[in-house]
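S.K.: Below is a structure I'd like to ask you about.
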Amino acid sequence: MNANKQILNNFLVQVTKSLSLKNVLILNFTSPNVLSIEINGATEIKNETDFNRLGGKFFELIIGDLPFGLQAVSIDTVSKLKVNKNWSSILTALRTLQTNGKAFFLVEPSILFSQQGKRYLQDLAAESYFVNAVFELPEKLLYPETAFQPIIIAFEKTKEEKLFIGEITSEFELLTEYYLNRTNSENLGSGLTIDRSSFESFNRFRIETEINNLKTQYNEYTKYKLNEVATEINLTKDSFNDKANSLYIPKIGNSQVVSALAKTVLKHQNYFQVVLKENIVKAEFLALFYRSELGRLILKSVTSGSYIPNINKSDIESSFVVIPKLTEQNLLILTNQKLSELQETINQLKAELSLNPKNAPVILDKFESMQAPLKQLSEEDQIFSLIRKGENKYIEFKETFSKNIRTQQKDKEIEKSSLKNIVGFLNAAGGTLLIGVSDDGQVTGVEDDFFNSTDKYKLNFKNALNTKIGSEFYSLIDYDLYLVAGKLVLKVNCKPSPDPCFYDQTEFYVRTNPATDKLEGKKQVDYIKTRFK
């Protein structure tokens, strides 16, 4: 069993133990099994015909691992829907759930946002089976069999006012506690309670968060649905007519979104042709947008299908885009053209350099004069991108390194707060600390943080690393000051350490999601044995 499957199994076992439930039904219909849960006295069935041998028995807990992508079948709900066969099995299992019971099923994410899925869940609600929680699973759970990423939905027979959502990671203890107590945290790692109507998928939830943060950073951006900025969204079985200001979005595969019919690389029937309103957006800008990290995430969020990922027209129509004013779009398009020209020039120089070595010193001199300002711009964009994601297992914000904002005095505990996060990153999977950014993502800068000069600020930081963490970890910690929105931010990148790291040689910290926890005693020993094999 791979590590991610083990994390999922451990989470479900902990939920079961926390609830002290013994009357348990486990559906293990897949081969090979995703779940391998051992619960004393549990009833396990391995195919749909085994439902017949349950003999009218009801269960406190149901856990279902069902095959994806099977043929559609009709179900006897109020709407007489035709649904995926695994959804039919979910319904059959739910009809054995006790009044106070809980049921967890691995299922396609489309059950939450597709029209078929919404109608299906409405029919289940009519029978008093309500989705009260949704969990995101570890990445590559089904790898190498498939890249498809299922979710877990949790049903109960009593409807909660709000929906609980959470991300299952190796540090799932807090998530379990918050889920069972219906407690709201500030992040997916320990769980959030949100309005039901605001959630369709985890990707869309992250997109909304990033868009809201983007609009805070750049208030000239406006959020639209794609169909609000389009006059037509076309499909074809043959060939498209070339239309001005049109965008071509692949329905399948990973090809790039392009802004001209001549740039398409797939057959036309594998694209959406989106004819855009010229008074709102230019196709060249939107093609650039879809190449950004946020744009790629948006396309991923509307991609469905267990084995052949594809995008439906209704989903692409309602997907979000964020668009600045036309003057800003023109500037961004021109800048991209110049960067493409620069890249072409660089490629030509690289091709000829070996045959004309006399030009090497001139090229090197020009490159060094260009690199610093371009690198600064690139880092500013990267830092903004990190801020938009918000604090998580790999990102932490600190407003200052030394200054206590409340007392306006230098404070060793404030310094420790940053340094212990670095230790936590080193002892876990690495991460980035941004100093000069407040908890709510505002760029405050470090200029008021006992700042005399960039060199002295970085020297003070280095001395603190040496004193409290140790010079042997220098190679794993990369830091520098960058200008972000006109203010200086200290960006500290930490790689995972091959050896345990202690704060001041005594205190052991680990970065979780998105906190930094101090481990002591047996927990510390067990973690070090597991993490630093």
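We label chains A, B, ... in the order they appear in the structure tokens, count residues from 1 in each chain, and number ligands from 1 in the order shown.
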Show which residues sit within 6 Å of region 228-239 of chain A, as a list in words. Count only C-alpha atoms, and ignore same-chain residues fewer than 2 positions away.

M.R.: Lys225, Leu226, His268, Gln269, Phe272, Gln273, Val274, Val275, Leu276 and Lys277 of chain A

S.K.: If you keep C-alpha atoms, can you produce a file of those selected residues as an mmCIF file, in the first residue's frame?

M.R.:
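Resulting contents of selection_34.cif:
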data_model
loop_
_atom_site.group_PDB
_atom_site.id
_atom_site.type_symbol
_atom_site.label_atom_id
_atom_site.label_comp_id
_atom_site.auth_asym_id
_atom_site.auth_seq_id
_atom_site.Cartn_x
_atom_site.Cartn_y
_atom_site.Cartn_z
ATOM 1 C CA LYS A 225 -17.764 34.182 -15.383
ATOM 2 C CA LEU A 226 -16.488 33.247 -18.827
ATOM 3 C CA HIS A 268 -11.124 21.592 -34.019
ATOM 4 C CA GLN A 269 -13.723 19.289 -32.453
ATOM 5 C CA PHE A 272 -14.179 25.352 -27.403
ATOM 6 C CA GLN A 273 -14.191 28.478 -29.553
ATOM 7 C CA VAL A 274 -14.871 31.421 -27.240
ATOM 8 C CA VAL A 275 -15.703 34.637 -29.091
ATOM 9 C CA LEU A 276 -14.983 37.457 -26.638
ATOM 10 C CA LYS A 277 -16.531 40.880 -26.095
#

S.K.: Could you give me, as an MDAnalysis selection string, the residues within 10 Å of region 450-464 of chain A, counting only C-alpha atoms and dropping anything in the same chain fewer than 6 positions from it?

M.R.: chainID A and resid 400:403 408:410 415:416 419 470:471 474 479:482 488 490

S.K.: Expressed in Å to a single decimal, how great is the separation between CA of Asn52 (chain A) and CA of Pro150 (chain A)?

M.R.: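 Interatomic distance here is 27.3 Å.
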
S.K.: How far is it from CA of Glu317 (chain A) to CA of Leu331 (chain A), in Å with one decimal?

M.R.: 26.7 Å

S.K.: Tell me which of A:Lys140, A:Arg53, A:Lys17, A:Lys325 sits closest to Ala3 (chain A), counting only C-alpha atoms.

M.R.: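 So, comparing all the options, the nearest one is A:Lys140.
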
S.K.: Once DSSP has gone over the backbone, tell me which residues of region 290-528 of chain A are in alpha helix (DSSP H), as number ranges by chain.

M.R.: A: 290-291, 293-301, 313-317, 326-353, 360-389, 412-427, 454-468, 521-528

S.K.: What's the separation between CA of Trp87 (chain A) and CA of Pro67 (chain A), in Å to one decimal place?

M.R.: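 Between CA of Trp87 (chain A) and CA of Pro67 (chain A) the gap is 9.8 Å.
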
S.K.: List the neighbours of Asn330 (chain A) out to 12 Å using only C-alpha atoms; skip same-chain residues closer than 3 positions along the sequence, and give me the result as a short mmCIF file (atom, residue, chain, number, x, y, z; two decimals) with C-alpha atoms, in the first residue's frame.

M.R.:
data_model
loop_
_atom_site.label_atom_id
_atom_site.label_comp_id
_atom_site.auth_asym_id
_atom_site.auth_seq_id
_atom_site.Cartn_x
_atom_site.Cartn_y
_atom_site.Cartn_z
CA ILE A 280 -14.04 43.87 -22.01
CA VAL A 281 -11.21 41.51 -22.91
CA LYS A 282 -8.67 40.69 -25.59
CA ALA A 283 -8.12 37.07 -26.57
CA GLU A 284 -4.33 37.50 -26.34
CA PHE A 285 -4.62 38.53 -22.69
CA LEU A 286 -6.96 35.69 -21.76
CA LEU A 288 -1.84 34.56 -21.15
CA ILE A 323 -9.56 40.68 -16.04
CA PRO A 324 -7.91 44.11 -15.73
CA LYS A 325 -8.79 47.17 -17.78
CA LEU A 326 -8.06 47.12 -21.52
CA THR A 327 -5.14 49.51 -21.12
CA ILE A 333 0.28 41.65 -24.21
CA LEU A 334 3.07 43.96 -25.41
CA THR A 335 5.33 42.90 -22.55
CA ASN A 336 4.76 39.24 -23.39
CA GLN A 337 5.62 39.93 -27.04
#

S.K.: What parts of region 123-350 of chain A does DSSP call strand (DSSP E or B)? I'd like the answer as JSON, numbers by chain.

M.R.: {"A": [130, 131, 132, 133, 134, 135, 136, 151, 152, 153, 154, 155, 156, 163, 164, 165, 166, 167, 192, 193, 194, 222, 223, 224, 225, 230, 231, 232, 233, 234, 246, 247, 248, 249, 250, 252, 258, 271, 272, 273, 274, 275, 276, 303, 304, 310, 311, 320, 321, 322, 323]}

S.K.: Between A:Phe68, A:Phe59, A:Phe155, A:Phe532, which one has atoms that come closest to Asn23 (chain A), using only C-alpha atoms?

M.R.: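 Ranked by minimum distance to Asn23 (chain A), first place goes to A:Phe59.
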
S.K.: Determine, counting only C-alpha atoms, which protein, DNA and RNA residues have an atom within 10 Å of an atom of Glu186 (chain A); residues of the same chain fewer than 6 positions away are not included. Present the result as a list of chain:residue names.

M.R.: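 Result of the neighbour search: A:Leu192, A:Thr193, A:Glu391, A:Asn392, A:Pro514.
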
S.K.: Restricting the calculation to only C-alpha atoms: of A:Val489, A:Ala360, A:Ile477, A:Leu137, which residue gets closest to Ser170 (chain A)?

M.R.: A:Leu137
